[in-house]
file structure.csv (CSV, C-alpha atoms and all ligand atoms)
chain,number,residue,atom,x,y,z
O,1,MET,CA,-29.1,-3.5,-1.0
O,2,ALA,CA,-27.5,-6.6,-2.6
O,3,ASP,CA,-30.4,-6.3,-5.0
O,4,LEU,CA,-29.1,-2.9,-6.2
O,5,LEU,CA,-25.6,-4.4,-6.8
O,6,LYS,CA,-27.1,-7.3,-8.8
O,7,LEU,CA,-29.2,-4.9,-10.8
O,8,LEU,CA,-26.2,-2.7,-11.5
O,9,LEU,CA,-24.2,-5.7,-12.7
O,10,ARG,CA,-27.1,-6.6,-15.0
O,11,VAL,CA,-27.5,-3.2,-16.5
O,12,ALA,CA,-23.8,-2.8,-16.9
O,13,GLU,CA,-23.7,-6.1,-18.8
O,14,LYS,CA,-26.6,-4.8,-21.0
O,15,ALA,CA,-24.6,-1.6,-21.6
O,16,ALA,CA,-21.6,-3.7,-22.6
O,17,ASN,CA,-23.9,-5.7,-25.0
O,18,VAL,CA,-25.0,-2.4,-26.6
O,19,ALA,CA,-21.4,-1.3,-26.9
O,20,ARG,CA,-20.5,-4.7,-28.6
O,21,VAL,CA,-23.5,-4.7,-30.9
O,22,CYS,CA,-22.6,-1.2,-32.2
O,23,ARG,CA,-19.3,-2.6,-33.3
O,24,LYS,CA,-20.5,-6.0,-34.5
O,25,GLU,CA,-23.6,-5.1,-36.5
O,26,ALA,CA,-22.6,-3.6,-39.9
O,27,PRO,CA,-25.3,-0.9,-40.1
O,28,LEU,CA,-24.4,0.4,-36.7
O,29,PHE,CA,-20.6,0.0,-37.1
O,30,GLN,CA,-20.7,2.0,-40.3
O,31,LEU,CA,-22.3,4.9,-38.4
O,32,LEU,CA,-19.7,4.6,-35.7
O,33,VAL,CA,-16.6,4.6,-37.8
O,34,GLN,CA,-17.6,6.6,-40.8
O,35,GLU,CA,-15.0,9.2,-41.8
O,36,LYS,CA,-16.1,12.7,-41.1
O,37,THR,CA,-16.4,13.7,-44.8
O,38,GLY,CA,-19.1,15.1,-46.9
O,39,VAL,CA,-21.5,17.8,-46.3
O,40,ASP,CA,-21.9,19.4,-42.9
O,41,LYS,CA,-25.2,17.7,-42.1
O,42,ASN,CA,-23.5,14.3,-42.6
O,43,LYS,CA,-20.6,15.3,-40.4
O,44,LYS,CA,-23.0,16.3,-37.7
O,45,PHE,CA,-25.0,13.1,-38.1
O,46,VAL,CA,-22.0,10.9,-37.7
O,47,GLN,CA,-21.0,12.8,-34.6
O,48,ASP,CA,-24.5,12.5,-33.3
O,49,PHE,CA,-24.4,8.7,-33.6
O,50,LYS,CA,-21.3,8.5,-31.5
O,51,THR,CA,-22.9,10.5,-28.8
O,52,LEU,CA,-26.2,8.5,-29.3
O,53,ALA,CA,-24.5,5.2,-28.3
O,54,ASP,CA,-23.5,6.9,-25.0
O,55,VAL,CA,-26.8,8.6,-24.4
O,56,VAL,CA,-28.8,5.4,-25.1
O,57,ILE,CA,-26.7,3.4,-22.7
O,58,GLN,CA,-26.9,6.0,-19.9
O,59,GLU,CA,-30.7,6.3,-20.3
O,60,MET,CA,-31.1,2.5,-20.3
O,61,ILE,CA,-29.3,2.3,-17.0
O,62,ARG,CA,-31.3,5.2,-15.6
O,63,HIS,CA,-34.6,3.6,-16.8
O,64,ASP,CA,-33.8,0.1,-15.3
O,65,VAL,CA,-32.5,1.4,-12.0
O,66,GLY,CA,-35.4,3.9,-11.7
O,67,ALA,CA,-38.0,1.1,-12.4
O,68,GLN,CA,-36.7,-1.0,-9.5
O,69,PHE,CA,-35.7,1.8,-7.1
O,70,PRO,CA,-38.0,4.8,-7.7
O,71,GLU,CA,-36.5,6.6,-4.7
O,72,MET,CA,-33.3,7.0,-6.7
O,73,ILE,CA,-34.6,8.2,-10.0
O,74,ASP,CA,-33.9,11.9,-9.4
O,75,HIS,CA,-30.4,11.2,-8.2
O,76,ILE,CA,-29.1,9.2,-11.1
O,77,GLN,CA,-26.7,11.4,-13.1
O,78,GLY,CA,-24.2,10.8,-15.8
O,79,GLU,CA,-21.9,12.3,-18.4
O,80,GLU,CA,-24.6,12.7,-21.0
O,81,SER,CA,-27.7,14.7,-21.3
O,82,ASN,CA,-30.8,12.9,-22.8
O,83,LYS,CA,-31.8,16.0,-24.7
O,84,PHE,CA,-30.5,15.2,-28.2
O,85,GLU,CA,-30.3,17.3,-31.3
O,86,ASN,CA,-30.4,15.3,-34.5
O,87,GLY,CA,-28.8,16.2,-37.8
O,88,LEU,CA,-31.9,18.1,-38.9
O,89,GLY,CA,-31.7,20.4,-35.9
O,90,GLU,CA,-34.7,18.8,-34.1
O,91,SER,CA,-34.5,18.3,-30.4
O,92,VAL,CA,-35.5,14.8,-29.2
O,93,ILE,CA,-35.5,13.5,-25.6
O,94,VAL,CA,-34.0,10.0,-25.8
O,95,THR,CA,-35.7,7.6,-23.4
O,96,VAL,CA,-36.2,3.9,-23.1
O,97,CYS,CA,-39.9,3.2,-23.9
O,98,GLY,CA,-42.2,0.5,-22.6
O,99,THR,CA,-41.7,-1.8,-25.6
O,100,GLU,CA,-38.8,-2.5,-28.0
O,101,LYS,CA,-40.9,-1.3,-30.9
O,102,GLU,CA,-41.6,2.1,-29.3
O,103,THR,CA,-38.0,2.5,-28.5
O,104,ALA,CA,-37.0,1.7,-32.1
O,105,ALA,CA,-39.5,4.3,-33.4
O,106,LEU,CA,-38.1,6.9,-31.1
O,107,LEU,CA,-34.5,6.1,-32.0
O,108,ALA,CA,-35.3,6.2,-35.7
O,109,THR,CA,-36.3,9.9,-35.3
O,110,VAL,CA,-32.8,10.6,-33.9
O,111,LEU,CA,-31.1,8.4,-36.6
O,112,ASP,CA,-32.6,10.3,-39.5
O,113,GLY,CA,-35.1,7.5,-40.2
O,114,ASP,CA,-32.6,4.7,-40.3
O,115,GLN,CA,-34.9,1.8,-39.3
O,116,THR,CA,-32.3,-1.0,-39.4
O,117,ALA,CA,-29.9,0.8,-37.0
O,118,ALA,CA,-32.8,1.8,-34.7
O,119,THR,CA,-34.2,-1.7,-34.6
O,120,LEU,CA,-30.8,-3.3,-33.8
O,121,LEU,CA,-30.1,-0.8,-31.1
O,122,ALA,CA,-33.6,-1.2,-29.5
O,123,ARG,CA,-33.2,-4.9,-29.5
O,124,ALA,CA,-30.0,-4.7,-27.5
O,125,ILE,CA,-31.5,-2.2,-25.1
O,126,HIS,CA,-34.5,-4.4,-24.3
O,127,GLN,CA,-32.6,-7.6,-24.1
O,128,ASP,CA,-32.5,-9.3,-20.6
O,129,ALA,CA,-28.9,-9.6,-19.5
O,130,LYS,CA,-29.7,-12.2,-16.8
O,131,LEU,CA,-29.1,-15.0,-19.2
O,132,THR,CA,-25.5,-14.0,-19.8
O,133,LEU,CA,-24.6,-13.1,-16.3
O,134,THR,CA,-24.2,-16.0,-14.0
O,135,ASP,CA,-22.5,-16.5,-10.7
O,136,THR,CA,-21.6,-13.0,-9.8
O,137,GLY,CA,-20.6,-14.0,-6.2
O,138,THR,CA,-23.0,-11.5,-4.7
O,139,ASP,CA,-25.6,-14.0,-3.2
O,140,ASP,CA,-24.5,-13.9,0.5
O,141,LEU,CA,-23.9,-10.1,0.7
O,142,HIS,CA,-25.9,-8.0,3.2
O,143,ILE,CA,-25.4,-4.3,2.4
O,144,PRO,CA,-26.8,-1.9,5.1
O,145,LEU,CA,-27.9,0.9,2.7
O,146,SER,CA,-31.2,2.4,1.9
O,147,PRO,CA,-32.1,3.6,-1.7
O,148,SER,CA,-33.3,7.0,-0.4
O,149,ASP,CA,-29.8,7.8,0.9
O,150,LEU,CA,-28.1,7.0,-2.4
O,151,GLY,CA,-27.1,8.7,-5.6
O,152,ILE,CA,-25.5,7.2,-8.8
O,153,TRP,CA,-22.9,8.4,-11.3
O,154,ILE,CA,-22.7,6.8,-14.7
O,155,ASP,CA,-20.1,6.9,-17.4
O,156,PRO,CA,-21.8,4.9,-20.2
O,157,ILE,CA,-18.6,4.5,-22.1
O,158,ASP,CA,-15.3,5.7,-20.8
O,159,ALA,CA,-12.3,6.0,-23.2
O,160,THR,CA,-14.7,6.7,-26.1
O,161,SER,CA,-11.9,7.5,-28.4
O,162,GLN,CA,-10.4,4.0,-27.9
O,163,TYR,CA,-13.9,2.5,-28.4
O,164,ILE,CA,-14.5,4.3,-31.7
O,165,GLU,CA,-10.9,3.7,-33.0
O,166,GLY,CA,-11.4,0.0,-32.0
O,167,ARG,CA,-7.8,-1.3,-32.2
O,168,GLU,CA,-7.6,-4.9,-31.1
O,169,GLU,CA,-4.4,-5.1,-29.1
O,170,ALA,CA,-3.2,-8.5,-27.8
O,171,ALA,CA,-3.2,-8.3,-24.0
O,172,GLU,CA,-0.1,-9.8,-22.2
O,173,GLU,CA,-0.7,-11.7,-19.0
O,174,GLY,CA,0.0,-9.4,-16.0
O,175,ARG,CA,0.6,-6.3,-18.2
O,176,LEU,CA,-1.7,-3.4,-18.8
O,177,CYS,CA,-3.0,-2.5,-22.2
O,178,PRO,CA,-1.7,1.0,-23.1
O,179,SER,CA,-4.5,1.5,-25.6
O,180,GLY,CA,-7.1,-0.3,-27.6
O,181,LEU,CA,-10.6,-1.6,-27.1
O,182,GLN,CA,-9.7,-3.1,-23.6
O,183,CYS,CA,-9.5,0.4,-22.2
O,184,ALA,CA,-13.2,1.2,-22.9
O,185,LEU,CA,-15.3,0.6,-19.8
O,186,VAL,CA,-18.8,1.0,-18.5
O,187,LEU,CA,-18.6,2.7,-15.1
O,188,ILE,CA,-21.4,2.9,-12.5
O,189,GLY,CA,-20.8,4.3,-9.0
O,190,VAL,CA,-23.1,4.7,-6.0
O,191,TYR,CA,-22.5,7.3,-3.3
O,192,LEU,CA,-24.1,8.5,-0.1
O,193,ARG,CA,-26.1,11.7,-0.8
O,194,ALA,CA,-25.3,13.1,2.7
O,195,THR,CA,-21.5,12.7,2.6
O,196,GLY,CA,-20.5,12.0,-1.0
O,197,GLU,CA,-18.7,8.8,0.1
O,198,PRO,CA,-18.6,6.2,-2.7
O,199,VAL,CA,-20.1,3.0,-1.4
O,200,MET,CA,-20.7,0.7,-4.3
O,201,GLY,CA,-19.1,0.4,-7.8
O,202,VAL,CA,-19.5,-1.7,-10.9
O,203,ILE,CA,-17.0,-1.8,-13.8
O,204,ASN,CA,-17.8,-3.7,-17.0
O,205,GLN,CA,-15.1,-4.2,-19.6
O,206,PRO,CA,-17.0,-5.0,-22.7
O,207,PHE,CA,-13.9,-6.0,-24.7
O,208,ASN,CA,-11.8,-8.1,-22.3
O,209,HIS,CA,-10.7,-10.9,-24.6
O,210,LYS,CA,-11.6,-12.3,-27.9
O,211,ASP,CA,-12.6,-15.9,-28.6
O,212,PRO,CA,-13.7,-17.5,-31.9
O,213,THR,CA,-17.2,-16.3,-31.4
O,214,GLY,CA,-16.2,-12.7,-30.8
O,215,TRP,CA,-15.4,-10.3,-27.9
O,216,LYS,CA,-16.1,-11.3,-24.4
O,217,GLY,CA,-16.4,-8.9,-21.5
O,218,LYS,CA,-15.5,-9.0,-17.8
O,219,HIS,CA,-17.2,-7.4,-14.8
O,220,PHE,CA,-15.8,-6.2,-11.5
O,221,TRP,CA,-17.7,-4.9,-8.4
O,222,GLY,CA,-17.0,-3.6,-5.0
O,223,VAL,CA,-18.9,-2.5,-1.8
O,224,SER,CA,-17.4,-0.3,0.9
O,225,CYS,CA,-19.9,0.8,3.5
O,226,GLY,CA,-18.8,0.9,7.2
O,227,SER,CA,-17.4,-2.4,8.1
O,228,VAL,CA,-18.9,-4.1,5.1
O,229,LYS,CA,-16.1,-4.4,2.5
O,230,ALA,CA,-16.4,-6.8,-0.4
O,231,CYS,CA,-15.0,-7.0,-3.8
O,232,SER,CA,-14.9,-9.3,-6.8
O,233,VAL,CA,-11.1,-8.8,-7.0
O,234,LEU,CA,-8.8,-10.4,-4.5
O,235,ARG,CA,-7.3,-8.1,-1.8
O,236,PRO,CA,-3.6,-7.3,-2.3
O,237,LYS,CA,-2.6,-9.4,0.8
O,238,ASP,CA,-4.4,-12.4,-0.7
O,239,ARG,CA,-2.4,-12.0,-3.9
O,240,PRO,CA,0.7,-14.1,-4.4
O,241,ALA,CA,3.8,-12.2,-3.5
O,242,GLU,CA,5.6,-10.7,-6.4
O,243,THR,CA,9.0,-12.2,-7.2
O,244,THR,CA,11.4,-9.3,-7.4
O,245,ALA,CA,14.9,-8.6,-8.7
O,246,ALA,CA,17.6,-7.9,-6.1
O,247,GLY,CA,17.0,-4.7,-4.2
O,248,GLY,CA,13.2,-5.1,-4.4
O,249,PRO,CA,10.9,-3.6,-6.9
O,250,GLY,CA,10.4,0.1,-7.4
O,251,LEU,CA,6.9,1.5,-7.5
O,252,SER,CA,4.8,1.1,-10.6
O,253,VAL,CA,2.9,4.2,-11.7
O,254,VAL,CA,0.3,4.6,-14.5
O,255,MET,CA,-0.5,8.0,-16.0
O,256,SER,CA,-2.0,9.6,-19.1
O,257,SER,CA,0.6,9.9,-21.9
O,258,SER,CA,-0.4,13.6,-21.9
O,259,GLU,CA,0.7,14.0,-18.3
O,260,LYS,CA,3.0,17.0,-17.5
O,261,GLN,CA,6.7,16.3,-18.1
O,262,ALA,CA,7.5,17.6,-14.6
O,263,VAL,CA,5.3,15.0,-13.0
O,264,LYS,CA,6.8,12.2,-15.2
O,265,GLU,CA,10.3,13.3,-14.2
O,266,ALA,CA,9.5,13.6,-10.5
O,267,LEU,CA,8.1,10.1,-10.4
O,268,ALA,CA,10.6,8.3,-12.6
O,269,PRO,CA,13.2,7.8,-9.8
O,270,LEU,CA,10.6,6.1,-7.7
O,271,CYS,CA,9.7,3.6,-10.3
O,272,GLY,CA,11.4,0.3,-11.2
O,273,PRO,CA,12.6,-0.2,-14.8
O,274,ASP,CA,9.6,-0.1,-17.2
O,275,ARG,CA,7.3,0.7,-14.3
O,276,LEU,CA,6.4,4.2,-15.3
O,277,MET,CA,3.5,3.2,-17.6
O,278,TYR,CA,1.0,5.0,-19.8
O,279,ALA,CA,-2.6,3.9,-20.6
O,280,SER,CA,-5.7,5.4,-22.1
O,281,GLY,CA,-9.0,5.9,-20.2
O,282,ALA,CA,-9.3,7.3,-16.7
O,283,GLY,CA,-11.5,4.4,-15.6
O,284,TYR,CA,-9.0,1.8,-17.1
O,285,LYS,CA,-6.1,3.4,-15.3
O,286,ILE,CA,-8.0,3.1,-12.0
O,287,LEU,CA,-8.8,-0.5,-12.9
O,288,CYS,CA,-5.1,-1.1,-13.3
O,289,VAL,CA,-4.6,-0.1,-9.7
O,290,ILE,CA,-7.5,-2.2,-8.5
O,291,LEU,CA,-6.0,-5.2,-10.3
O,292,GLY,CA,-2.5,-4.6,-9.0
O,293,LEU,CA,-1.1,-3.9,-12.5
O,294,ALA,CA,0.1,-0.5,-11.1
O,295,ASP,CA,0.6,0.7,-7.5
O,296,VAL,CA,-0.8,4.2,-8.2
O,297,TYR,CA,-2.5,6.3,-10.9
O,298,VAL,CA,-1.4,9.9,-10.8
O,299,LEU,CA,-3.2,12.7,-12.7
O,300,SER,CA,-2.2,16.3,-12.2
O,301,GLU,CA,-5.0,17.9,-14.2
O,302,GLY,CA,-8.7,18.4,-13.6
O,303,SER,CA,-9.5,16.3,-16.7
O,304,THR,CA,-11.6,13.6,-15.1
O,305,PHE,CA,-15.2,13.9,-13.7
O,306,LYS,CA,-17.3,12.4,-11.0
O,307,TRP,CA,-18.7,9.8,-13.4
O,308,ASP,CA,-15.1,8.7,-14.3
O,309,SER,CA,-14.1,8.0,-10.7
O,310,CYS,CA,-17.1,7.2,-8.5
O,311,GLY,CA,-17.5,3.5,-9.4
O,312,PRO,CA,-13.9,2.5,-9.5
O,313,HIS,CA,-13.2,4.6,-6.3
O,314,ALA,CA,-15.7,2.3,-4.5
O,315,LEU,CA,-13.7,-0.8,-5.6
O,316,LEU,CA,-10.5,0.8,-4.3
O,317,ARG,CA,-12.1,1.5,-0.9
O,318,ALA,CA,-13.5,-2.0,-0.8
O,319,LEU,CA,-9.8,-3.2,-1.1
O,320,GLY,CA,-8.5,-0.9,1.6
O,321,GLY,CA,-7.3,1.9,-0.7
O,322,GLY,CA,-8.9,5.0,-2.0
O,323,MET,CA,-8.6,8.0,-4.3
O,324,VAL,CA,-7.5,11.5,-3.2
O,325,ASP,CA,-7.5,15.0,-4.6
O,326,LEU,CA,-3.9,15.6,-5.5
O,327,LYS,CA,-3.8,19.3,-5.1
O,328,GLU,CA,-5.4,19.1,-1.7
O,329,CYS,CA,-2.8,16.6,-0.5
O,330,LEU,CA,0.1,18.6,-1.9
O,331,HIS,CA,-1.1,21.8,-0.2
O,332,SER,CA,-2.1,20.3,3.2
O,333,SER,CA,0.3,21.6,5.7
O,334,GLY,CA,-0.3,19.1,8.5
O,335,SER,CA,0.9,15.5,8.3
O,336,SER,CA,-1.9,13.2,7.1
O,337,HIS,CA,-2.4,9.7,8.3
O,338,CYS,CA,-3.5,6.4,7.2
O,339,GLN,CA,-6.6,5.4,9.1
O,340,GLY,CA,-7.8,1.9,8.6
O,341,GLY,CA,-5.9,1.9,5.3
O,342,HIS,CA,-7.6,5.0,3.9
O,343,GLN,CA,-5.9,8.4,3.8
O,344,ASP,CA,-7.6,10.5,6.4
O,345,GLN,CA,-7.7,13.7,4.3
O,346,GLY,CA,-8.5,14.6,0.7
O,347,GLU,CA,-10.6,11.6,-0.4
O,348,LEU,CA,-12.7,12.5,-3.4
O,349,THR,CA,-16.4,12.9,-2.7
O,350,TYR,CA,-19.4,12.9,-5.1
O,351,HIS,CA,-22.2,15.0,-3.9
O,352,GLN,CA,-21.1,18.6,-4.3
O,353,PRO,CA,-20.7,20.5,-7.6
O,354,HIS,CA,-18.2,23.3,-8.0
O,355,ILE,CA,-20.8,26.1,-8.3
O,356,GLU,CA,-18.2,28.6,-9.6
O,357,SER,CA,-17.6,26.5,-12.7
O,358,THR,CA,-19.6,26.0,-15.8
O,359,GLY,CA,-20.9,23.0,-17.8
O,360,ALA,CA,-19.2,19.6,-17.2
O,361,ASP,CA,-16.6,21.4,-15.0
O,362,HIS,CA,-19.2,21.6,-12.3
O,363,TRP,CA,-18.4,17.9,-11.6
O,364,ALA,CA,-14.7,17.8,-12.5
O,365,ASN,CA,-12.1,16.3,-10.1
O,366,GLN,CA,-10.5,19.7,-10.4
O,367,GLY,CA,-7.4,19.1,-8.3
O,368,GLY,CA,-6.2,16.0,-10.2
O,369,LEU,CA,-6.1,12.7,-8.3
O,370,VAL,CA,-4.1,9.8,-7.0
O,371,ALA,CA,-5.7,6.3,-7.0
O,372,TYR,CA,-4.0,3.9,-4.6
O,373,LEU,CA,-4.4,0.7,-2.7
O,374,ASN,CA,-1.6,1.1,-0.2
O,375,CYS,CA,-1.6,4.3,1.9
O,376,GLN,CA,2.1,4.2,2.6
O,377,ILE,CA,2.8,4.2,-1.1
O,378,LEU,CA,0.4,7.2,-1.6
O,379,HIS,CA,2.4,9.1,1.0
O,380,ARG,CA,5.7,8.3,-0.8
O,381,VAL,CA,4.2,9.6,-4.1
O,382,ILE,CA,2.8,12.8,-2.5
O,383,GLY,CA,6.1,13.4,-0.7
O,384,GLU,CA,8.0,13.1,-4.0
O,385,LEU,CA,5.6,15.4,-5.9
O,386,LYS,CA,5.6,18.3,-3.3
O,387,GLY,CA,7.0,21.4,-4.8
O,388,LYS,CA,7.9,19.8,-8.1
O,389,PHE,CA,5.2,21.3,-10.4
J,1,LIG,C1,-12.2,10.5,-20.8
J,1,LIG,C2,-11.3,9.3,-21.1
J,1,LIG,C3,-10.0,9.8,-21.4
J,1,LIG,C4,-9.3,10.4,-20.2
J,1,LIG,C5,-10.2,11.6,-19.7
J,1,LIG,C6,-11.6,11.1,-19.5
J,1,LIG,O1,-13.5,10.1,-20.7
J,1,LIG,O2,-11.2,8.4,-20.0
J,1,LIG,O3,-9.2,8.7,-21.9
J,1,LIG,O4,-8.1,10.9,-20.7
J,1,LIG,O5,-9.7,12.1,-18.6
J,1,LIG,O6,-12.4,12.2,-19.1
J,1,LIG,P1,-6.7,10.1,-20.6
J,1,LIG,O7,-6.9,8.8,-21.4
J,1,LIG,O8,-5.7,11.0,-21.2
J,1,LIG,O9,-6.5,9.7,-19.2
J,1,LIG,P2,-14.5,9.9,-22.0
J,1,LIG,O10,-13.9,9.0,-22.9
J,1,LIG,O11,-15.7,9.4,-21.3
J,1,LIG,O12,-14.7,11.3,-22.5
J,2,CA,CA,-15.1,9.3,-19.0
J,3,CA,CA,-17.9,8.7,-21.6

call {"tool": "encode", "arguments": {"input": "structure.csv", "output": "structure tokens"}}
result
Amino acid sequence: MADLLKLLLRVAEKAANVARVCRKEAPLFQLLVQEKTGVDKNKKFVQDFKTLADVVIQEMIRHDVGAQFPEMIDHIQGEESNKFENGLGESVIVTVCGTEKETAALLATVLDGDQTAATLLARAIHQDAKLTLTDTGTDDLHIPLSPSDLGIWIDPIDATSQYIEGREEAAEEGRLCPSGLQCALVLIGVYLRATGEPVMGVINQPFNHKDPTGWKGKHFWGVSCGSVKACSVLRPKDRPAETTAAGGPGLSVVMSSSEKQAVKEALAPLCGPDRLMYASGAGYKILCVILGLADVYVLSEGSTFKWDSCGPHALLRALGGGMVDLKECLHSSGSSHCQGGHQDQGELTYHQPHIESTGADHWANQGGLVAYLNCQILHRVIGELKGKF
């Protein structure tokens, strides 16, 4: 299934192109950032366009994966629904058509007849990303998976608010970006339908750095399936040892700035100076753990969903870490263990909805989560949080 990984890298790159085009091309950018003023219809239309970028990206990924792996088509899910209501109250099913022209015509119906915007968007959707994606390092991989056993979760754009706001923050080497375009990510995760275990993930950061020709992206991937573990990011033990101040470093924790005060206070004593950090985007915070910019990401609320965590979770597992349900870990009475690096209990799974919930909450990570690379550190964090909130 190295073919699936290569395909996901290509479609994620195409998705990143669409995200960049929407900010770069004036007719699309205006729709994206337009102030919500004017009559109601206009307000609704602007809101529509923001959702449309997400819907179009998700459908493009579904279309391309389904074309190459028809066994998977009914098991590709994402944050968005492709049923779209435009500003005129008409319902349109957004799909990627056989040709660029047909897709442009369909998009124009959603975009209130704006041909220029529809043409630009259709061009980006039908562009072949192979040309821009070279040397992914996936050529020698043999992945023992079969498409009929797999399901996919897509978050077409995570941290949408940062994407729309579009602040261009300068990234400091070795430091995370608390906010800005860098936090916006395309997330694609593959899981086993039978067990819900995440086995393959692709993260594309459309706005990684800027050069004189514009924004450049970066992609990351990981595979964790049985004994096959491979990742585009170096394993922690392969990373150069951190030089530390006397007494050794404390932990570094990344959280949402809206995290509960009690959680912030409970974790502060574990952290070194300036090592309790805040960043936007659930996917970006997990990426910070993957890249070693933070030891753990702690979230006490059920405000993330399967599409936020599945892809990045596979990369954590490929590196010997994982992602657990925080509530489950806090309430488990027995002592849990690290087995082969992973926590033996509470790892998030991706195949079962919460049937008692409604709407998106069906697929929420309801108990909050902790993303980690090192199981001992996970245990320290859980130990510290027990009984504190
Ligand atoms: C959001 C996004 C937010 C995050 C939230 C996600 O997804 O990643 O940034 O909140 O949990 O559901 P926070 O930044 O406070 O962690 P989306 O942007 O796709 O709605
Ligand atoms: Ca999201
Ligand atoms: Ca999203």

call {"tool": "closest_residue", "arguments": {"input": "structure.csv", "among": "O:Ala184, O:Ala67, O:Ala122, O:Met200", "to": "Trp221 (chain O)", "atoms": "only C-alpha atoms"}}
result
O:Met200

call {"tool": "closest_residue", "arguments": {"input": "structure.csv", "among": "O:Ala104, O:Ile382, O:Ala159, O:Val190", "to": "ligand LIG 1 (chain J)", "atoms": "all atoms listed in the file"}}
result
O:Ala159

call {"tool": "residues_around", "arguments": {"input": "structure.csv", "residues": "Ser258 (chain O)", "least_positions_apart": "5", "cutoff": "10 Å", "atoms": "all atoms listed in the file", "output": "PDB file with C-alpha atoms, in the frame of the given file"}}
result
ATOM      1  CA  LYS O 264       6.800  12.200 -15.200  1.00  0.00           C
ATOM      2  CA  TYR O 278       1.000   5.000 -19.800  1.00  0.00           C
ATOM      3  CA  SER O 280      -5.700   5.400 -22.100  1.00  0.00           C
ATOM      4  CA  LEU O 299      -3.200  12.700 -12.700  1.00  0.00           C
ATOM      5  CA  GLU O 301      -5.000  17.900 -14.200  1.00  0.00           C
TER       6      GLU O 301
END

call {"tool": "closest_residue", "arguments": {"input": "structure.csv", "among": "O:Gly383, O:Gly322, O:Gly281, O:Gly302", "to": "Ala364 (chain O)", "atoms": "all atoms listed in the file"}}
result
O:Gly302

call {"tool": "closest_residue", "arguments": {"input": "structure.csv", "among": "O:Gly196, O:Pro206, O:Gly174, O:Pro70", "to": "Lys306 (chain O)", "atoms": "only C-alpha atoms"}}
result
O:Gly196

call {"tool": "residues_around", "arguments": {"input": "structure.csv", "residues": "Leu187 (chain O)", "least_positions_apart": "2", "cutoff": "6 Å", "atoms": "only C-alpha atoms", "output": "PyMOL selection string"}}
result
chain O and resi 154-155+203+311

call {"tool": "closest_residue", "arguments": {"input": "structure.csv", "among": "O:Leu378, O:Leu348, O:Val223, O:Ala117", "to": "Gln366 (chain O)", "atoms": "only C-alpha atoms"}}
result
O:Leu348

call {"tool": "closest_atom_pairs", "arguments": {"input": "structure.csv", "of": "region 228-341 of chain O", "to": "region 134-148 of chain O", "cutoff": "9 Å", "atoms": "only C-alpha atoms", "output": "CSV"}}
result
residue,atom,partner,partner_atom,distance
O:Val228,CA,O:Ile143,CA,7.0
O:Ala230,CA,O:Leu141,CA,8.3
O:Ser232,CA,O:Gly137,CA,7.4

call {"tool": "write_last_selection", "arguments": {"input": "structure.csv", "atoms": "C-alpha atoms", "output": "short mmCIF file (atom, residue, chain, number, x, y, z; two decimals), in the coordinates of the input"}}
result
data_model
loop_
_atom_site.label_atom_id
_atom_site.label_comp_id
_atom_site.auth_asym_id
_atom_site.auth_seq_id
_atom_site.Cartn_x
_atom_site.Cartn_y
_atom_site.Cartn_z
CA VAL O 228 -18.90 -4.10 5.10
CA ALA O 230 -16.40 -6.80 -0.40
CA SER O 232 -14.90 -9.30 -6.80
#

call {"tool": "decode", "arguments": {"input": "structure.csv", "residues": "region 345-370 of chain O", "atoms": "C-alpha atoms", "output": "short mmCIF file (atom, residue, chain, number, x, y, z; two decimals), in the first residue's frame"}}
result
data_model
loop_
_atom_site.label_atom_id
_atom_site.label_comp_id
_atom_site.auth_asym_id
_atom_site.auth_seq_id
_atom_site.Cartn_x
_atom_site.Cartn_y
_atom_site.Cartn_z
CA GLN O 345 -4.93 1.56 27.44
CA GLY O 346 -6.95 4.49 26.20
CA GLU O 347 -5.46 5.01 22.72
CA LEU O 348 -7.96 6.84 20.53
CA THR O 349 -9.69 4.82 17.82
CA TYR O 350 -11.44 5.93 14.66
CA HIS O 351 -14.17 3.46 13.70
CA GLN O 352 -16.97 3.91 16.24
CA PRO O 353 -19.29 6.93 16.49
CA HIS O 354 -20.83 8.05 19.78
CA ILE O 355 -24.37 7.03 18.89
CA GLU O 356 -25.89 8.96 21.78
CA SER O 357 -24.55 12.27 20.43
CA THR O 358 -25.82 14.41 17.59
CA GLY O 359 -24.20 16.02 14.53
CA ALA O 360 -20.43 16.43 14.53
CA ASP O 361 -20.28 15.23 18.15
CA HIS O 362 -20.83 11.70 16.85
CA TRP O 363 -17.17 11.79 15.98
CA ALA O 364 -15.76 13.98 18.75
CA ASN O 365 -12.80 12.93 20.85
CA GLN O 366 -15.14 13.48 23.77
CA GLY O 367 -12.82 12.76 26.67
CA GLY O 368 -10.12 15.22 25.59
CA LEU O 369 -6.70 13.89 24.68
CA VAL O 370 -2.98 13.75 25.31
#
